[in-house]
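**Q** What follows is query.cif, made up of mmCIF, C-alpha atoms:
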data_entry
#
loop_
_atom_site.group_PDB
_atom_site.id
_atom_site.type_symbol
_atom_site.label_atom_id
_atom_site.label_comp_id
_atom_site.auth_asym_id
_atom_site.auth_seq_id
_atom_site.Cartn_x
_atom_site.Cartn_y
_atom_site.Cartn_z
ATOM 1 C CA MET Z 242 -6.431 113.747 276.095
ATOM 2 C CA ARG Z 243 -5.271 115.637 279.177
ATOM 3 C CA VAL Z 244 -1.769 115.466 280.569
ATOM 4 C CA ILE Z 245 -0.129 116.997 283.620
ATOM 5 C CA THR Z 246 3.014 118.865 282.639
ATOM 6 C CA GLN Z 247 5.304 121.609 283.892
ATOM 7 C CA GLN Z 248 7.057 124.427 282.093
ATOM 8 C CA SER Z 249 9.481 125.207 284.910
ATOM 9 C CA LEU Z 250 11.025 123.619 287.983
ATOM 10 C CA GLY Z 251 9.590 124.437 291.389
ATOM 11 C CA GLY Z 252 6.852 123.675 293.875
ATOM 12 C CA PRO Z 253 3.600 121.777 293.284
ATOM 13 C CA ASP Z 254 1.968 124.777 291.620
ATOM 14 C CA VAL Z 255 4.201 124.428 288.547
ATOM 15 C CA LEU Z 256 2.128 121.366 287.602
ATOM 16 C CA SER Z 257 -0.625 122.169 285.115
ATOM 17 C CA ILE Z 258 -3.167 120.215 283.086
ATOM 18 C CA VAL Z 259 -3.076 120.742 279.323
ATOM 19 C CA ASP Z 260 -4.574 119.101 276.245
ATOM 20 C CA ALA Z 261 -2.256 116.959 274.146
ATOM 21 C CA PRO Z 262 -2.600 114.521 271.239
ATOM 22 C CA GLU Z 263 -2.877 110.873 272.166
ATOM 23 C CA PRO Z 264 0.327 108.871 271.675
ATOM 24 C CA ARG Z 265 0.458 106.177 269.022
ATOM 25 C CA PRO Z 266 1.675 102.740 270.115
ATOM 26 C CA LEU Z 267 4.748 101.431 268.334
ATOM 27 C CA PRO Z 268 5.061 97.735 267.448
ATOM 28 C CA THR Z 269 5.183 95.670 270.690
ATOM 29 C CA GLU Z 270 3.441 98.510 272.581
ATOM 30 C CA VAL Z 271 -0.083 99.005 273.890
ATOM 31 C CA LEU Z 272 -2.199 102.111 274.340
ATOM 32 C CA VAL Z 273 -3.595 102.227 277.869
ATOM 33 C CA ARG Z 274 -6.572 104.283 279.022
ATOM 34 C CA VAL Z 275 -5.362 105.150 282.504
ATOM 35 C CA ASN Z 276 -7.602 104.662 285.545
ATOM 36 C CA ALA Z 277 -5.090 105.405 288.306
ATOM 37 C CA ILE Z 278 -1.545 106.755 288.665
ATOM 38 C CA GLY Z 279 0.760 105.962 291.571
ATOM 39 C CA LEU Z 280 2.881 108.835 292.876
ATOM 40 C CA ASN Z 281 6.414 108.442 294.215
ATOM 41 C CA PRO Z 282 8.730 110.742 296.200
ATOM 42 C CA LEU Z 283 11.192 110.741 293.288
ATOM 43 C CA GLU Z 284 8.640 112.625 291.199
ATOM 44 C CA ALA Z 285 8.500 115.468 293.713
ATOM 45 C CA ARG Z 286 12.298 115.743 293.513
ATOM 46 C CA LEU Z 287 12.197 115.768 289.712
ATOM 47 C CA ARG Z 288 9.475 118.424 289.727
ATOM 48 C CA ALA Z 289 11.593 120.610 292.011
ATOM 49 C CA GLY Z 290 14.796 120.134 290.046
ATOM 50 C CA GLU Z 291 16.672 118.229 292.764
ATOM 51 C CA PHE Z 292 17.448 115.332 290.443
ATOM 52 C CA PRO Z 293 17.955 115.887 286.684
ATOM 53 C CA LEU Z 294 16.722 112.513 285.417
ATOM 54 C CA LEU Z 295 14.347 113.976 282.808
ATOM 55 C CA GLY Z 296 16.389 117.032 281.884
ATOM 56 C CA ARG Z 297 14.869 120.490 281.686
ATOM 57 C CA PRO Z 298 11.109 121.143 281.441
ATOM 58 C CA PRO Z 299 8.726 120.830 279.826
ATOM 59 C CA PHE Z 300 8.217 117.181 280.761
ATOM 60 C CA VAL Z 301 5.521 114.854 282.031
ATOM 61 C CA LEU Z 302 6.204 112.945 285.238
ATOM 62 C CA GLY Z 303 5.101 109.512 286.330
ATOM 63 C CA TRP Z 304 5.618 105.772 285.853
ATOM 64 C CA ASP Z 305 3.074 103.810 287.928
ATOM 65 C CA ILE Z 306 -0.129 103.171 285.983
ATOM 66 C CA SER Z 307 -3.167 100.922 285.989
ATOM 67 C CA GLY Z 308 -5.787 100.985 283.272
ATOM 68 C CA VAL Z 309 -7.417 99.301 280.286
ATOM 69 C CA VAL Z 310 -5.816 98.464 276.936
ATOM 70 C CA GLU Z 311 -7.390 100.421 274.070
ATOM 71 C CA GLU Z 312 -5.052 99.396 271.258
ATOM 72 C CA ALA Z 313 -2.512 96.607 271.085
ATOM 73 C CA SER Z 314 0.348 96.421 268.582
ATOM 74 C CA THR Z 315 1.395 93.129 270.127
ATOM 75 C CA TRP Z 316 0.080 89.615 270.660
ATOM 76 C CA ARG Z 317 0.551 89.902 274.426
ATOM 77 C CA PHE Z 318 -2.623 91.892 275.142
ATOM 78 C CA ARG Z 319 -5.972 92.624 273.577
ATOM 79 C CA PRO Z 320 -8.204 95.690 273.805
ATOM 80 C CA GLY Z 321 -10.184 95.504 277.020
ATOM 81 C CA ASP Z 322 -7.455 93.832 279.076
ATOM 82 C CA GLU Z 323 -6.879 95.452 282.466
ATOM 83 C CA VAL Z 324 -3.149 95.993 282.979
ATOM 84 C CA PHE Z 325 -0.704 97.713 285.311
ATOM 85 C CA GLY Z 326 3.014 98.319 285.506
ATOM 86 C CA MET Z 327 5.939 100.733 285.530
ATOM 87 C CA PRO Z 328 6.823 101.371 281.876
ATOM 88 C CA LEU Z 329 10.136 102.691 280.586
ATOM 89 C CA PHE Z 330 11.774 103.678 283.889
ATOM 90 C CA PRO Z 331 14.153 105.524 284.112
ATOM 91 C CA ARG Z 332 13.191 107.085 280.775
ATOM 92 C CA ALA Z 333 10.104 109.282 280.656
ATOM 93 C CA ALA Z 334 6.894 107.257 280.539
ATOM 94 C CA ASN Z 335 4.633 110.353 280.535
ATOM 95 C CA ALA Z 336 2.350 108.578 282.972
ATOM 96 C CA TYR Z 337 0.635 111.666 284.426
ATOM 97 C CA ALA Z 338 -1.846 111.407 281.567
ATOM 98 C CA GLU Z 339 -5.227 110.019 280.617
ATOM 99 C CA VAL Z 340 -3.667 107.802 277.935
ATOM 100 C CA VAL Z 341 -0.210 106.200 277.929
ATOM 101 C CA SER Z 342 1.634 104.188 275.299
ATOM 102 C CA ALA Z 343 3.852 101.547 276.886
ATOM 103 C CA PRO Z 344 5.904 98.480 275.952
ATOM 104 C CA ALA Z 345 3.786 95.383 276.493
ATOM 105 C CA LEU Z 346 6.670 93.683 278.338
ATOM 106 C CA HIS Z 347 6.570 96.401 281.000
ATOM 107 C CA LEU Z 348 2.951 95.635 281.906
ATOM 108 C CA ILE Z 349 1.081 92.698 283.379
ATOM 109 C CA ARG Z 350 -2.592 91.784 283.637
ATOM 110 C CA LYS Z 351 -4.243 93.234 286.708
ATOM 111 C CA PRO Z 352 -5.692 90.545 288.962
ATOM 112 C CA ALA Z 353 -9.292 90.920 290.066
ATOM 113 C CA SER Z 354 -8.069 91.011 293.663
ATOM 114 C CA LEU Z 355 -6.467 94.427 293.067
ATOM 115 C CA SER Z 356 -8.423 97.587 292.374
ATOM 116 C CA HIS Z 357 -6.956 99.977 289.814
ATOM 117 C CA VAL Z 358 -5.955 102.266 292.690
ATOM 118 C CA GLU Z 359 -4.085 99.481 294.492
ATOM 119 C CA ALA Z 360 -2.504 98.229 291.267
ATOM 120 C CA ALA Z 361 -1.227 101.710 290.397
ATOM 121 C CA ALA Z 362 0.331 101.991 293.856
ATOM 122 C CA LEU Z 363 2.332 98.775 293.577
ATOM 123 C CA PRO Z 364 4.876 98.715 290.698
ATOM 124 C CA VAL Z 365 7.671 101.135 291.691
ATOM 125 C CA VAL Z 366 7.663 100.235 295.384
ATOM 126 C CA GLY Z 367 6.991 96.547 294.768
ATOM 127 C CA LEU Z 368 9.695 96.144 292.144
ATOM 128 C CA THR Z 369 12.188 98.097 294.250
ATOM 129 C CA ALA Z 370 11.555 95.873 297.257
ATOM 130 C CA TRP Z 371 11.547 92.661 295.179
ATOM 131 C CA GLN Z 372 14.735 93.455 293.295
ATOM 132 C CA GLY Z 373 16.420 94.558 296.519
ATOM 133 C CA LEU Z 374 15.449 91.548 298.619
ATOM 134 C CA VAL Z 375 15.063 88.727 296.086
ATOM 135 C CA ASP Z 376 17.368 89.552 293.183
ATOM 136 C CA LEU Z 377 20.163 91.418 294.965
ATOM 137 C CA GLY Z 378 19.753 90.435 298.609
ATOM 138 C CA GLY Z 379 19.018 86.755 297.987
ATOM 139 C CA VAL Z 380 16.928 86.598 301.168
ATOM 140 C CA THR Z 381 16.096 83.043 302.233
ATOM 141 C CA GLU Z 382 14.217 81.399 305.062
ATOM 142 C CA GLY Z 383 15.637 82.165 308.474
ATOM 143 C CA ASP Z 384 17.534 85.298 307.426
ATOM 144 C CA ARG Z 385 17.456 88.339 309.653
ATOM 145 C CA VAL Z 386 16.377 91.341 307.563
ATOM 146 C CA LEU Z 387 16.406 94.992 308.632
ATOM 147 C CA VAL Z 388 14.149 97.324 306.629
ATOM 148 C CA HIS Z 389 14.851 101.002 307.189
ATOM 149 C CA GLY Z 390 11.718 103.128 306.827
ATOM 150 C CA GLY Z 391 9.157 100.355 307.152
ATOM 151 C CA GLY Z 392 6.185 102.712 307.148
ATOM 152 C CA GLY Z 393 6.876 104.168 303.708
ATOM 153 C CA GLY Z 394 5.961 102.984 300.247
ATOM 154 C CA VAL Z 395 8.904 100.660 299.616
ATOM 155 C CA GLY Z 396 9.273 99.785 303.290
ATOM 156 C CA HIS Z 397 5.800 98.401 304.002
ATOM 157 C CA VAL Z 398 5.930 96.252 300.869
ATOM 158 C CA ALA Z 399 9.467 95.088 301.676
ATOM 159 C CA ILE Z 400 8.362 93.877 305.118
ATOM 160 C CA GLN Z 401 5.748 91.652 303.492
ATOM 161 C CA ILE Z 402 8.079 90.289 300.810
ATOM 162 C CA ALA Z 403 10.741 89.468 303.394
ATOM 163 C CA LYS Z 404 8.143 87.693 305.551
ATOM 164 C CA ALA Z 405 6.933 85.725 302.523
ATOM 165 C CA LEU Z 406 10.539 84.612 301.983
ATOM 166 C CA GLY Z 407 10.633 83.272 305.544
ATOM 167 C CA ALA Z 408 12.793 85.984 307.093
ATOM 168 C CA HIS Z 409 12.742 87.445 310.584
ATOM 169 C CA VAL Z 410 11.962 91.095 309.847
ATOM 170 C CA ILE Z 411 13.073 94.072 311.902
ATOM 171 C CA THR Z 412 12.146 97.589 310.816
ATOM 172 C CA THR Z 413 12.839 101.152 311.821
ATOM 173 C CA ALA Z 414 9.833 103.474 311.966
ATOM 174 C CA ASP Z 415 8.480 106.443 313.828
ATOM 175 C CA GLY Z 416 6.804 105.274 317.030
ATOM 176 C CA SER Z 417 3.420 106.420 315.714
ATOM 177 C CA LYS Z 418 3.729 103.838 312.928
ATOM 178 C CA ARG Z 419 4.379 100.851 315.197
ATOM 179 C CA LYS Z 420 0.938 99.260 314.799
ATOM 180 C CA PHE Z 421 0.989 100.086 311.088
ATOM 181 C CA VAL Z 422 4.216 98.183 310.379
ATOM 182 C CA GLU Z 423 3.323 95.368 312.770
ATOM 183 C CA GLY Z 424 0.142 94.957 310.732
ATOM 184 C CA PHE Z 425 2.293 94.094 307.733
ATOM 185 C CA GLY Z 426 4.222 91.441 309.648
ATOM 186 C CA ALA Z 427 7.228 93.183 311.203
ATOM 187 C CA ASP Z 428 8.607 90.985 313.993
ATOM 188 C CA GLU Z 429 10.472 93.819 315.705
ATOM 189 C CA VAL Z 430 10.034 97.591 315.450
ATOM 190 C CA ILE Z 431 12.729 100.096 316.367
ATOM 191 C CA ASP Z 432 11.439 103.609 317.041
ATOM 192 C CA TYR Z 433 14.256 105.593 315.463
ATOM 193 C CA THR Z 434 13.110 108.765 317.270
ATOM 194 C CA ALA Z 435 13.893 107.147 320.620
ATOM 195 C CA VAL Z 436 16.445 104.385 319.947
ATOM 196 C CA ASP Z 437 19.682 104.203 317.950
ATOM 197 C CA PHE Z 438 19.221 101.169 315.712
ATOM 198 C CA THR Z 439 22.947 100.385 315.895
ATOM 199 C CA GLU Z 440 22.506 99.707 319.607
ATOM 200 C CA ALA Z 441 19.317 97.684 319.210
ATOM 201 C CA VAL Z 442 20.177 94.997 316.638
ATOM 202 C CA ARG Z 443 23.073 92.806 315.525
ATOM 203 C CA ASP Z 444 23.794 89.910 313.165
ATOM 204 C CA ILE Z 445 21.628 91.163 310.306
ATOM 205 C CA ASP Z 446 21.926 89.229 307.037
ATOM 206 C CA VAL Z 447 20.394 91.853 304.740
ATOM 207 C CA VAL Z 448 19.664 95.536 305.307
ATOM 208 C CA LEU Z 449 17.282 97.253 302.871
ATOM 209 C CA ASP Z 450 17.720 101.005 303.139
ATOM 210 C CA THR Z 451 15.011 103.413 301.989
ATOM 211 C CA ILE Z 452 16.255 106.413 303.999
ATOM 212 C CA GLY Z 453 19.772 107.270 302.832
ATOM 213 C CA GLY Z 454 22.061 109.756 304.561
ATOM 214 C CA ASP Z 455 24.245 108.423 307.366
ATOM 215 C CA THR Z 456 21.893 105.442 307.767
ATOM 216 C CA VAL Z 457 23.797 103.719 304.964
ATOM 217 C CA GLU Z 458 27.209 103.948 306.591
ATOM 218 C CA ARG Z 459 25.937 103.251 310.107
ATOM 219 C CA SER Z 460 24.218 100.071 308.943
ATOM 220 C CA LEU Z 461 27.657 98.524 308.580
ATOM 221 C CA GLU Z 462 27.666 98.150 312.382
ATOM 222 C CA VAL Z 463 24.648 95.825 312.486
ATOM 223 C CA LEU Z 464 25.491 93.392 309.685
ATOM 224 C CA ARG Z 465 26.870 89.939 310.362
ATOM 225 C CA PRO Z 466 30.175 89.015 308.674
ATOM 226 C CA GLY Z 467 29.382 88.652 304.976
ATOM 227 C CA GLY Z 468 26.123 90.599 305.334
ATOM 228 C CA HIS Z 469 24.664 92.727 302.565
ATOM 229 C CA LEU Z 470 23.455 96.347 302.537
ATOM 230 C CA VAL Z 471 21.088 97.166 299.659
ATOM 231 C CA THR Z 472 20.091 100.808 299.354
ATOM 232 C CA ALA Z 473 17.269 102.115 297.193
ATOM 233 C CA VAL Z 474 18.161 105.783 297.687
ATOM 234 C CA ALA Z 475 21.953 106.167 297.933
ATOM 235 C CA GLU Z 476 24.263 105.827 294.985
ATOM 236 C CA GLU Z 477 26.845 103.066 295.007
ATOM 237 C CA ASP Z 478 29.841 105.299 295.688
ATOM 238 C CA SER Z 479 33.310 103.789 295.592
ATOM 239 C CA VAL Z 480 34.285 104.939 299.095
ATOM 240 C CA LEU Z 481 31.360 103.150 300.743
ATOM 241 C CA VAL Z 482 31.821 100.063 298.586
ATOM 242 C CA ALA Z 483 35.484 99.888 299.660
ATOM 243 C CA LYS Z 484 34.581 100.404 303.314
ATOM 244 C CA TYR Z 485 32.008 97.598 303.237
ATOM 245 C CA GLU Z 486 34.294 95.254 301.361
ATOM 246 C CA ALA Z 487 37.167 95.939 303.774
ATOM 247 C CA ALA Z 488 34.860 94.887 306.592
ATOM 248 C CA GLY Z 489 33.866 91.695 304.771
ATOM 249 C CA MET Z 490 30.414 92.981 303.826
ATOM 250 C CA ARG Z 491 28.600 93.693 300.561
ATOM 251 C CA PHE Z 492 27.174 97.039 299.449
ATOM 252 C CA SER Z 493 24.715 97.445 296.561
ATOM 253 C CA GLY Z 494 22.769 100.385 295.237
ATOM 254 C CA ILE Z 495 19.581 99.469 293.409
ATOM 255 C CA ALA Z 496 18.081 101.361 290.493
ATOM 256 C CA VAL Z 497 14.686 99.775 289.900
ATOM 257 C CA ASP Z 498 13.844 98.671 286.379
ATOM 258 C CA PRO Z 499 10.768 97.247 284.629
ATOM 259 C CA ASP Z 500 10.599 93.516 285.220
ATOM 260 C CA PRO Z 501 7.615 91.363 284.200
ATOM 261 C CA VAL Z 502 8.990 88.351 286.089
ATOM 262 C CA ALA Z 503 9.098 90.292 289.360
ATOM 263 C CA LEU Z 504 5.668 91.783 288.633
ATOM 264 C CA ARG Z 505 4.296 88.255 288.301
ATOM 265 C CA GLY Z 506 5.954 87.381 291.610
ATOM 266 C CA LEU Z 507 4.244 90.334 293.264
ATOM 267 C CA VAL Z 508 0.875 89.339 291.797
ATOM 268 C CA GLU Z 509 1.317 85.783 293.103
ATOM 269 C CA LEU Z 510 1.881 87.123 296.617
ATOM 270 C CA VAL Z 511 -1.170 89.364 296.287
ATOM 271 C CA GLU Z 512 -3.343 86.463 295.170
ATOM 272 C CA GLN Z 513 -2.025 84.323 298.036
ATOM 273 C CA GLY Z 514 -3.071 87.031 300.481
ATOM 274 C CA ARG Z 515 0.552 87.630 301.515
ATOM 275 C CA LEU Z 516 0.967 91.115 300.064
ATOM 276 C CA ARG Z 517 -1.164 94.242 300.077
ATOM 277 C CA VAL Z 518 -0.310 97.811 299.267
ATOM 278 C CA HIS Z 519 -1.528 100.587 301.525
ATOM 279 C CA VAL Z 520 -2.875 103.750 299.909
ATOM 280 C CA GLN Z 521 -2.796 106.617 302.359
ATOM 281 C CA GLU Z 522 -4.895 108.898 300.189
ATOM 282 C CA THR Z 523 -6.192 109.342 296.664
ATOM 283 C CA PHE Z 524 -6.645 112.571 294.753
ATOM 284 C CA PRO Z 525 -8.532 113.215 291.521
ATOM 285 C CA PHE Z 526 -6.365 113.989 288.496
ATOM 286 C CA GLU Z 527 -7.258 117.671 288.776
ATOM 287 C CA ARG Z 528 -5.779 117.937 292.296
ATOM 288 C CA VAL Z 529 -2.289 116.782 291.435
ATOM 289 C CA ALA Z 530 -0.759 119.864 293.103
ATOM 290 C CA ASP Z 531 -2.430 118.920 296.396
ATOM 291 C CA ALA Z 532 -1.111 115.372 296.041
ATOM 292 C CA HIS Z 533 2.408 116.705 295.504
ATOM 293 C CA ARG Z 534 2.133 118.906 298.584
ATOM 294 C CA LEU Z 535 1.498 115.745 300.557
ATOM 295 C CA LEU Z 536 4.493 114.098 298.857
ATOM 296 C CA ASP Z 537 6.646 117.075 299.782
ATOM 297 C CA GLY Z 538 5.652 116.709 303.431
ATOM 298 C CA GLY Z 539 7.207 113.237 303.677
ATOM 299 C CA HIS Z 540 6.490 110.713 306.446
ATOM 300 C CA LEU Z 541 3.846 108.980 304.336
ATOM 301 C CA ARG Z 542 2.158 105.711 305.193
ATOM 302 C CA GLY Z 543 2.313 103.708 302.008
ATOM 303 C CA LYS Z 544 1.369 105.447 298.767
ATOM 304 C CA ILE Z 545 -0.557 108.334 297.226
ATOM 305 C CA VAL Z 546 -2.581 107.731 294.061
ATOM 306 C CA LEU Z 547 -4.227 109.961 291.441
ATOM 307 C CA THR Z 548 -7.522 108.723 290.065
ATOM 308 C CA VAL Z 549 -8.531 109.413 286.482
ATOM 309 C CA GLY Z 550 -12.014 109.649 285.047
ATOM 310 C CA ALA Z 551 -14.725 107.542 286.625
ATOM 311 C CA VAL Z 552 -12.558 105.651 289.115
ATOM 312 C CA SER Z 553 -14.181 106.006 292.505
ATOM 313 C CA ARG Z 554 -12.345 107.349 295.534
ATOM 314 C CA HIS Z 555 -10.369 104.701 297.376
ATOM 315 C CA SER Z 556 -11.010 104.474 301.088
ATOM 316 C CA PRO Z 557 -7.690 104.445 302.981
ATOM 317 C CA GLU Z 558 -7.221 101.450 305.228
#
Would you mind giving the structure from this file in structure tokens?
**A**
Amino acid sequence: MRVITQQSLGGPDVLSIVDAPEPRPLPTEVLVRVNAIGLNPLEARLRAGEFPLLGRPPFVLGWDISGVVEEASTWRFRPGDEVFGMPLFPRAANAYAEVVSAPALHLIRKPASLSHVEAAALPVVGLTAWQGLVDLGGVTEGDRVLVHGGGGGVGHVAIQIAKALGAHVITTADGSKRKFVEGFGADEVIDYTAVDFTEAVRDIDVVLDTIGGDTVERSLEVLRPGGHLVTAVAEEDSVLVAKYEAAGMRFSGIAVDPDPVALRGLVELVEQGRLRVHVQETFPFERVADAHRLLDGGHLRGKIVLTVGAVSRHSPE
């Protein structure tokens, strides 16, 4: 099989395609012939050496996959089943590959309503948003939710999950993305290039941060008493935790993990027509460096996906 690996840290050109032996599934694992691979900004940071999650090269990036089971050392799936998920995070899943071995519990059957490209785009961003809003944030009907970075991968999914929970959803986004985020159900859009969000909103129950930086600390100003800041990008440092607690607020940092229950929740929303994932662009496996250049540029709308083998090009919405 072919895998995408790197021998050194650096820019997109350090990524190279090499031949490697196929992995062998352990008991409770399945061997998946990959059709599509979702890319995430974290992987660009790992490639460049900004975040040492996988140690020193060589390593194989990637977690989001959708494909077909070839072998099953478990009763949960059979060969031929179409599956998707985010196996093993934060350990290496070696997902930038034509074949991946993964724990069966970290995968779920792909519904017919999702293409392989869409399914591969969903797990990391969907699970991050779900765990942030449902599991940590406890969002309920009538809550006021602020999603920072609503046009990005996590953000556009989070808007839809919060709406499905019955929340009033406000999001920050570049003005050029206004129609984009409104299309996913945002009730209010704050153009952060023109307006300071701390002057535009108040009495927020839950803030979901996908931006980091000073956004995390400044969000304290817009929360209601007892409100909750959940950040997907900033670590839960003790100084910020103490500052939030002193103000009568809650602060949580989320590190996404594989979760079949949440995956099923995401699939239910998809099948109800209440959740869709936007793929900005797809690239064939061989053009992974080009895909990473787009990742490096930031300001994405939704997700980028690599297609493997015979999967046809996905037409961006």
**Q** Which residues would end up in the selection if the PyMOL selection byres ((chain Z and resi 302-316) around 7) were applied here, given that I need the answer as a ChimeraX atom specification?
**A** /Z:266-280,284,300-301,317-328,330,334-337,357,360-362,364-365
**Q** List the residues selected by the PyMOL selection byres ((chain Z and resi 509-521) around 6) in the file shown, writing them as JSON, numbers by chain.
**A** {"Z": [401, 506, 507, 508, 522, 542, 543, 544, 545, 557]}
**Q** Which of these residues is nearest to Gly379 of chain Z, using only C-alpha atoms: Z:Ile349, Z:Leu504, Z:Leu406, Z:Val442?
**A**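 Once distances to Gly379 of chain Z are computed over only C-alpha atoms, the minimum belongs to Z:Leu406.
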**Q** For Ala435 of chain Z, which of Z:Leu329, Z:Val447, Z:Leu535, Z:Ala414 is the closest residue, counting only C-alpha atoms?
**A**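 Of Z:Leu329, Z:Val447, Z:Leu535, Z:Ala414, the one nearest Ala435 of chain Z, counting only C-alpha atoms, is Z:Ala414.
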**Q** Specify as a PyMOL selection string each residue included when the PyMOL selection byres ((chain Z and resi 409-412) around 7) is applied to this file.
**A** chain Z and resi 383-391+400+403-404+407-408+413-414+427-431
**Q** Return the single residue from Z:Val502, Z:Ile445, Z:Leu368, Z:Ile402 that is closest to Met490 of chain Z, with distances computed using all atoms listed in the file.
**A**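 Selected residue with least distance to Met490 of chain Z: Z:Ile445.
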**Q** Only all heavy atoms, as a short mmCIF file (atom, residue, chain, number, x, y, z; two decimals), in the first residue's frame: that is what I want for segment 487-493 of chain Z.
**A**
data_model
loop_
_atom_site.label_atom_id
_atom_site.label_comp_id
_atom_site.auth_asym_id
_atom_site.auth_seq_id
_atom_site.Cartn_x
_atom_site.Cartn_y
_atom_site.Cartn_z
N ALA Z 487 -12.96 32.95 39.73
CA ALA Z 487 -13.11 34.12 40.59
C ALA Z 487 -14.26 35.01 40.15
O ALA Z 487 -14.88 35.69 40.97
CB ALA Z 487 -11.80 34.92 40.60
N ALA Z 488 -14.54 34.97 38.84
CA ALA Z 488 -15.65 35.76 38.30
C ALA Z 488 -16.97 34.99 38.31
O ALA Z 488 -17.99 35.50 37.82
CB ALA Z 488 -15.32 36.20 36.88
N GLY Z 489 -16.96 33.78 38.85
CA GLY Z 489 -18.18 32.98 38.91
C GLY Z 489 -18.51 32.29 37.61
O GLY Z 489 -19.66 31.93 37.37
N MET Z 490 -17.49 32.07 36.77
CA MET Z 490 -17.67 31.40 35.49
C MET Z 490 -16.93 30.06 35.48
O MET Z 490 -16.15 29.76 36.39
CB MET Z 490 -17.12 32.26 34.34
CG MET Z 490 -17.49 33.72 34.40
SD MET Z 490 -19.26 34.02 34.20
CE MET Z 490 -19.27 35.83 34.12
N ARG Z 491 -17.16 29.29 34.42
CA ARG Z 491 -16.45 28.03 34.23
C ARG Z 491 -15.56 28.11 32.99
O ARG Z 491 -15.92 28.76 32.01
CB ARG Z 491 -17.43 26.86 34.09
CG ARG Z 491 -18.26 26.59 35.31
CD ARG Z 491 -19.25 25.47 35.05
NE ARG Z 491 -18.57 24.23 34.73
CZ ARG Z 491 -19.14 23.19 34.14
NH1 ARG Z 491 -20.42 23.26 33.79
NH2 ARG Z 491 -18.46 22.09 33.88
N PHE Z 492 -14.41 27.45 33.07
CA PHE Z 492 -13.46 27.41 31.95
C PHE Z 492 -13.06 25.97 31.73
O PHE Z 492 -12.62 25.28 32.66
CB PHE Z 492 -12.23 28.26 32.28
CG PHE Z 492 -11.17 28.26 31.21
CD1 PHE Z 492 -11.05 29.31 30.32
CD2 PHE Z 492 -10.27 27.20 31.08
CE1 PHE Z 492 -10.08 29.31 29.32
CE2 PHE Z 492 -9.30 27.18 30.10
CZ PHE Z 492 -9.20 28.24 29.22
N SER Z 493 -13.20 25.49 30.47
CA SER Z 493 -12.81 24.12 30.15
C SER Z 493 -12.05 24.09 28.83
O SER Z 493 -12.45 24.75 27.87
CB SER Z 493 -14.04 23.20 30.01
OG SER Z 493 -14.79 23.14 31.19
#
